[in-house]
Amino acid sequence: MSEPPADTSFPPETDFGAPIRVVLAKLGLDGHDRGLKIVARTLRDAGMEVIYLGLRQTADSIVAACEQEDADVIGLSMHNAGHLTLAPRMVQAVDHAGLDVPVVIGGIVPADDVATLIDSGVAAVIGPGASADEVVSAVKAAVDRQTDAQ
Amino acid sequence: MMSRDPLDELFETAGSGNRRALGKLLTMVEKRGETAAKVSERAHRDAGQARVVGVTGAPGTGKSTITGRLAAASGASRPAILAIDPSSPLTGGAILGDRIRMDNHVGNSAFIRSMATRGHAGGLAVAVPDAIRVLDAAGCDPIIVETVGVGQVEVSIAAAADTTVVVVTPGWGDAVQANKAGLLEVADIFVVNKADRPDARGARRDLELMLDLGHRSGWRASIVLTTAIEGEGIDDLWTEIERHTAHLRESGELIRRRCRRRRDEVADRIELELRDRVHQIIQNQSGEFALGRVDRNELSPAAAAELLLSTLTSDKPPEG
């Protein structure tokens, strides 16, 4: 019996609500993953479980991961100016699979494109310069809206 | 009977290969509570078919790459991987980054689920057997459980498999390190990964030396050299796992191991339940009162514990 000391910083497990599970990825040819790594850390520190897929994913591989991981939300980072093509494609793939998982976009998205992305079904666009709190709130809000809608 | 039990339906869907249904079932057992208990009970009915392989070792030894490649090398139509990573003890959050090393190798046939330890490890000791049970009941085989080989609980989870694979790399230490690591007693098969590095043979020699000093009767842990990133040696590893499985069946050890696993789980479940009640007692009024007296040094920690322990044993189980 050499159990580690009970960690009292944790609430009792019966009260341990299931954390938000978020899949983080970059689509296609886009090698800038430093921001995504920071976001991963930020969301982890906010108590979420981050399933980190990293670079060179496809809409299909992200959908497959979401199904197996029973993810609550997808976070995509985009720095290759492909967001107007790739983000709607991601939303379509999610819809096509019949998943109720919101898609949140971060990275470099010109302000003029935000409305277009939201119209195409993206749940939120987080711009450069967003604080850690803003990132966390945007992800939480996207999950909450989805849960309420169900 | 108005309609079919929705849980039966979910199991049936998952059993037919629907990944989303399987994903949902795993979420249910991870959450604990009444639903988890129902899912666990239902899964128990159909489980017991799958081979369970544990893979453990120090961080950075290549466990995830090996695990992904093993699932492919098994040639099975529906292999499953349970990849366990620690939750942050401070925030409860986790970064689950094992998929990234598996997806490229594993092909589309495998079902991969990342699992965080969520709070203290006692919960994991229950959640993992339940998750294995669900995957098993859904027809996945083999089921490969990957944990980082740091900490007793993580090691014991990987060790609670039919076959336990311990991964080391060249330069990880000599035979003395090997002996104190605590990983070695549980190994059925050793993998020396990154075998393209210098001194892979040295690592093997150290392991052999350590094994010469004494091993469990019947099966001497075998050693396989791999370069997982290139896929080298993975087929040999799978062959070795199959050889071990055959040994387990022929010797009757498989039944003994599985009995031991179930017995341990009974104890783990009781322990977890008790731990919850300890938390509740400490947080209720009499607990707060006793702790206040400990703060003021009117009561020793030992005396306070004894006092509260008496309420634990006399109280009815709290509603949960």
# chains A, B, ... in the order shown; residues from 1 in each chain; ligands from 1
>>> interface_residues(of="chain B", to="chain A", cutoff="9 Å", atoms="only C-alpha atoms", output="MDAnalysis selection string")
chainID B and resid 19:24 26:27 30:33 87:101 103 111:116 118:121 123 152:153 272 275:280 320
>>> write_last_selection(atoms="C-alpha atoms", output="CSV table (one decimal), in the first residue's frame")
chain,number,residue,atom,x,y,z
B,19,ARG,CA,-17.1,4.4,-34.0
B,20,ARG,CA,-19.3,7.2,-32.8
B,21,ALA,CA,-21.4,4.8,-30.7
B,22,LEU,CA,-18.2,3.3,-29.3
B,23,GLY,CA,-16.9,6.8,-28.5
B,24,LYS,CA,-20.0,7.7,-26.6
B,26,LEU,CA,-16.4,5.2,-23.6
B,27,THR,CA,-17.4,8.7,-22.5
B,30,GLU,CA,-15.2,7.6,-18.0
B,31,LYS,CA,-17.8,9.9,-16.3
B,32,ARG,CA,-18.5,7.4,-13.4
B,33,GLY,CA,-21.7,7.3,-11.6
B,87,SER,CA,-4.1,15.1,-16.2
B,88,SER,CA,-2.6,18.2,-14.7
B,89,PRO,CA,-3.0,17.8,-10.9
B,90,LEU,CA,-3.6,21.6,-10.7
B,91,THR,CA,-6.2,22.2,-13.3
B,92,GLY,CA,-7.5,18.8,-14.2
B,93,GLY,CA,-6.8,19.6,-17.9
B,94,ALA,CA,-4.6,17.4,-20.1
B,95,ILE,CA,-2.8,17.4,-23.4
B,96,LEU,CA,-3.4,14.1,-25.1
B,97,GLY,CA,-0.8,13.9,-27.8
B,98,ASP,CA,-0.4,10.2,-28.5
B,99,ARG,CA,-2.7,10.0,-31.6
B,100,ILE,CA,-0.3,12.3,-33.5
B,101,ARG,CA,2.3,9.5,-33.3
B,103,ASP,CA,-2.4,8.0,-36.9
B,111,PHE,CA,-10.0,2.6,-33.0
B,112,ILE,CA,-7.9,5.0,-30.9
B,113,ARG,CA,-9.1,6.6,-27.7
B,114,SER,CA,-7.1,9.0,-25.6
B,115,MET,CA,-7.8,9.0,-21.9
B,116,ALA,CA,-6.7,11.4,-19.3
B,118,ARG,CA,-8.6,12.8,-14.4
B,119,GLY,CA,-7.9,13.4,-10.8
B,120,HIS,CA,-6.3,10.9,-8.6
B,121,ALA,CA,-5.2,7.7,-10.1
B,123,GLY,CA,-10.3,6.6,-10.7
B,152,GLN,CA,3.1,2.9,-9.7
B,153,VAL,CA,-0.5,3.2,-10.8
B,272,LEU,CA,-12.4,4.5,-4.9
B,275,ARG,CA,-12.1,7.6,-1.0
B,276,ASP,CA,-15.1,9.5,-2.2
B,277,ARG,CA,-16.7,9.1,1.2
B,278,VAL,CA,-13.5,10.3,2.9
B,279,HIS,CA,-13.7,13.4,0.8
B,280,GLN,CA,-17.4,13.9,1.8
B,320,GLY,CA,-24.5,10.2,-4.5
>>> select_by_dssp(residues="range 123-289 of chain B", states="alpha helix (DSSP H)", output="number ranges by chain")
B: 123-137, 152-159, 175-180, 200-212, 234-251, 253-283, 285-289
>>> select_by_dssp(residues="range 15-218 of chain B", states="strand (DSSP E or B)", output="VMD selection string")
chain B and resid 52 to 57 78 80 to 85 94 to 96 111 to 116 141 143 to 148 163 to 168 189 to 192
>>> closest_residue(among="A:Ala93, A:Leu84, A:Val63, A:Val73", to="Ile108 in chain A", atoms="only C-alpha atoms")
A:Leu84
>>> residues_around(residues="Ala149 in chain A", least_positions_apart="2", cutoff="12 Å", atoms="only C-alpha atoms", output="ChimeraX atom specification")
/A:100-102,142-147
>>> write_last_selection(atoms="C-alpha atoms", output="PDB file, in the first residue's frame")
ATOM      1  CA  ASP A 100     -22.801  17.996 -33.408  1.00  0.00           C
ATOM      2  CA  VAL A 101     -19.365  19.455 -32.919  1.00  0.00           C
ATOM      3  CA  PRO A 102     -18.731  23.203 -33.282  1.00  0.00           C
ATOM      4  CA  ALA A 142     -19.133  27.376 -28.565  1.00  0.00           C
ATOM      5  CA  VAL A 143     -19.603  24.175 -26.546  1.00  0.00           C
ATOM      6  CA  ASP A 144     -22.375  25.715 -24.430  1.00  0.00           C
ATOM      7  CA  ARG A 145     -24.307  26.922 -27.477  1.00  0.00           C
ATOM      8  CA  GLN A 146     -24.057  23.481 -29.033  1.00  0.00           C
ATOM      9  CA  THR A 147     -25.236  21.794 -25.834  1.00  0.00           C
TER      10      THR A 147
END
>>> residues_around(residues="range 136-143 of chain B", least_positions_apart="5", cutoff="9 Å", atoms="only C-alpha atoms", output="MDAnalysis selection string")
chainID B and resid 11:17 22 42:54 71 74 76:82 110:111 131
>>> write_last_selection(atoms="C-alpha atoms", output="short mmCIF file (atom, residue, chain, number, x, y, z; two decimals), in the first residue's frame")
data_model
loop_
_atom_site.label_atom_id
_atom_site.label_comp_id
_atom_site.auth_asym_id
_atom_site.auth_seq_id
_atom_site.Cartn_x
_atom_site.Cartn_y
_atom_site.Cartn_z
CA PHE B 11 -23.86 -1.54 -27.79
CA GLU B 12 -25.28 -3.18 -30.87
CA THR B 13 -24.38 -0.16 -33.01
CA ALA B 14 -20.90 -0.04 -31.52
CA GLY B 15 -20.53 -3.76 -32.07
CA SER B 16 -21.32 -3.36 -35.75
CA GLY B 17 -18.26 -1.12 -36.04
CA LEU B 22 -18.24 3.28 -29.26
CA ARG B 42 -23.80 -4.43 -19.79
CA ALA B 43 -20.28 -4.65 -21.26
CA HIS B 44 -19.32 -7.31 -18.76
CA ARG B 45 -21.85 -9.67 -20.35
CA ASP B 46 -20.07 -9.77 -23.69
CA ALA B 47 -16.48 -9.13 -22.68
CA GLY B 48 -13.65 -11.60 -22.23
CA GLN B 49 -12.80 -12.36 -25.84
CA ALA B 50 -10.15 -9.80 -26.65
CA ARG B 51 -6.44 -10.07 -26.10
CA VAL B 52 -5.22 -7.20 -23.93
CA VAL B 53 -1.67 -5.93 -24.40
CA GLY B 54 -0.14 -3.29 -22.12
CA ALA B 71 -2.08 -2.39 -34.10
CA SER B 74 -1.59 -7.49 -35.70
CA ALA B 76 -6.65 -7.65 -37.00
CA SER B 77 -9.73 -6.17 -38.57
CA ARG B 78 -10.68 -4.14 -35.50
CA PRO B 79 -7.76 -3.39 -33.21
CA ALA B 80 -8.21 -0.77 -30.49
CA ILE B 81 -5.78 1.46 -28.67
CA LEU B 82 -6.31 3.11 -25.31
CA ALA B 110 -7.86 0.91 -35.58
CA PHE B 111 -10.00 2.65 -33.02
CA ALA B 131 -12.99 1.05 -21.06
#
>>> residues_around(residues="range 183-189 of chain B", least_positions_apart="4", cutoff="8 Å", atoms="only C-alpha atoms", output="CSV table (one decimal) with N, CA and C atoms, in the first residue's frame")
chain,number,residue,atom,x,y,z
B,57,GLY,N,6.6,2.3,-20.4
B,57,GLY,CA,8.0,2.7,-20.5
B,57,GLY,C,8.1,4.2,-20.3
B,149,GLY,N,5.3,4.9,-18.3
B,149,GLY,CA,5.8,4.1,-17.2
B,149,GLY,C,6.5,4.8,-16.1
B,155,VAL,N,2.0,2.2,-14.2
B,155,VAL,CA,2.7,0.9,-14.5
B,155,VAL,C,1.7,-0.3,-14.2
B,159,ALA,N,0.3,-3.2,-16.6
B,159,ALA,CA,0.7,-4.5,-16.2
B,159,ALA,C,-0.6,-5.4,-16.0
B,163,THR,N,-0.6,-9.5,-21.7
B,163,THR,CA,0.8,-9.4,-22.0
B,163,THR,C,1.3,-8.0,-21.8
B,164,THR,N,2.3,-7.9,-21.1
B,164,THR,CA,2.9,-6.5,-20.8
B,164,THR,C,4.2,-6.3,-21.5
B,165,VAL,N,4.3,-5.3,-22.3
B,165,VAL,CA,5.5,-4.9,-23.0
B,165,VAL,C,6.1,-3.7,-22.4
B,166,VAL,N,7.4,-3.8,-22.0
B,166,VAL,CA,8.1,-2.6,-21.4
B,166,VAL,C,9.1,-2.1,-22.4
B,178,ALA,N,17.9,-0.6,-14.3
B,178,ALA,CA,16.9,-1.6,-14.7
B,178,ALA,C,16.2,-2.2,-13.5
B,179,ASN,N,17.0,-2.4,-12.5
B,179,ASN,CA,16.4,-3.1,-11.3
B,179,ASN,C,15.6,-2.2,-10.4
B,219,TRP,N,8.1,-18.5,-17.9
B,219,TRP,CA,8.3,-17.6,-19.1
B,219,TRP,C,9.4,-16.6,-18.7
B,220,ARG,N,10.4,-16.7,-19.5
B,220,ARG,CA,11.5,-15.7,-19.3
B,220,ARG,C,11.2,-14.6,-20.3
B,221,ALA,N,11.2,-13.4,-19.7
B,221,ALA,CA,10.8,-12.2,-20.6
B,221,ALA,C,11.7,-12.2,-21.8
B,222,SER,N,11.2,-12.0,-22.9
B,222,SER,CA,12.0,-12.0,-24.1
B,222,SER,C,12.3,-10.5,-24.5
B,223,ILE,N,13.3,-10.4,-25.3
B,223,ILE,CA,13.8,-9.0,-25.7
B,223,ILE,C,13.7,-8.9,-27.2
B,224,VAL,N,13.1,-7.8,-27.6
B,224,VAL,CA,13.0,-7.6,-29.1
B,224,VAL,C,13.6,-6.2,-29.4
B,240,GLU,N,6.2,-12.2,-31.1
B,240,GLU,CA,6.5,-12.5,-29.7
B,240,GLU,C,5.3,-12.4,-28.8
B,241,ILE,N,4.5,-11.4,-29.1
B,241,ILE,CA,3.2,-11.3,-28.3
B,241,ILE,C,2.3,-12.5,-28.5
B,244,HIS,N,3.6,-15.4,-26.6
B,244,HIS,CA,3.3,-15.2,-25.2
B,244,HIS,C,1.9,-15.6,-24.9
>>> residues_around(residues="Ile118 in chain A", least_positions_apart="4", cutoff="10 Å", atoms="only C-alpha atoms", output="list in words")
Ala87, Pro88, Val103, Val104, Ile105, Asp113, Val114, Val122, Ala123, Ala124 and Val125 of chain A
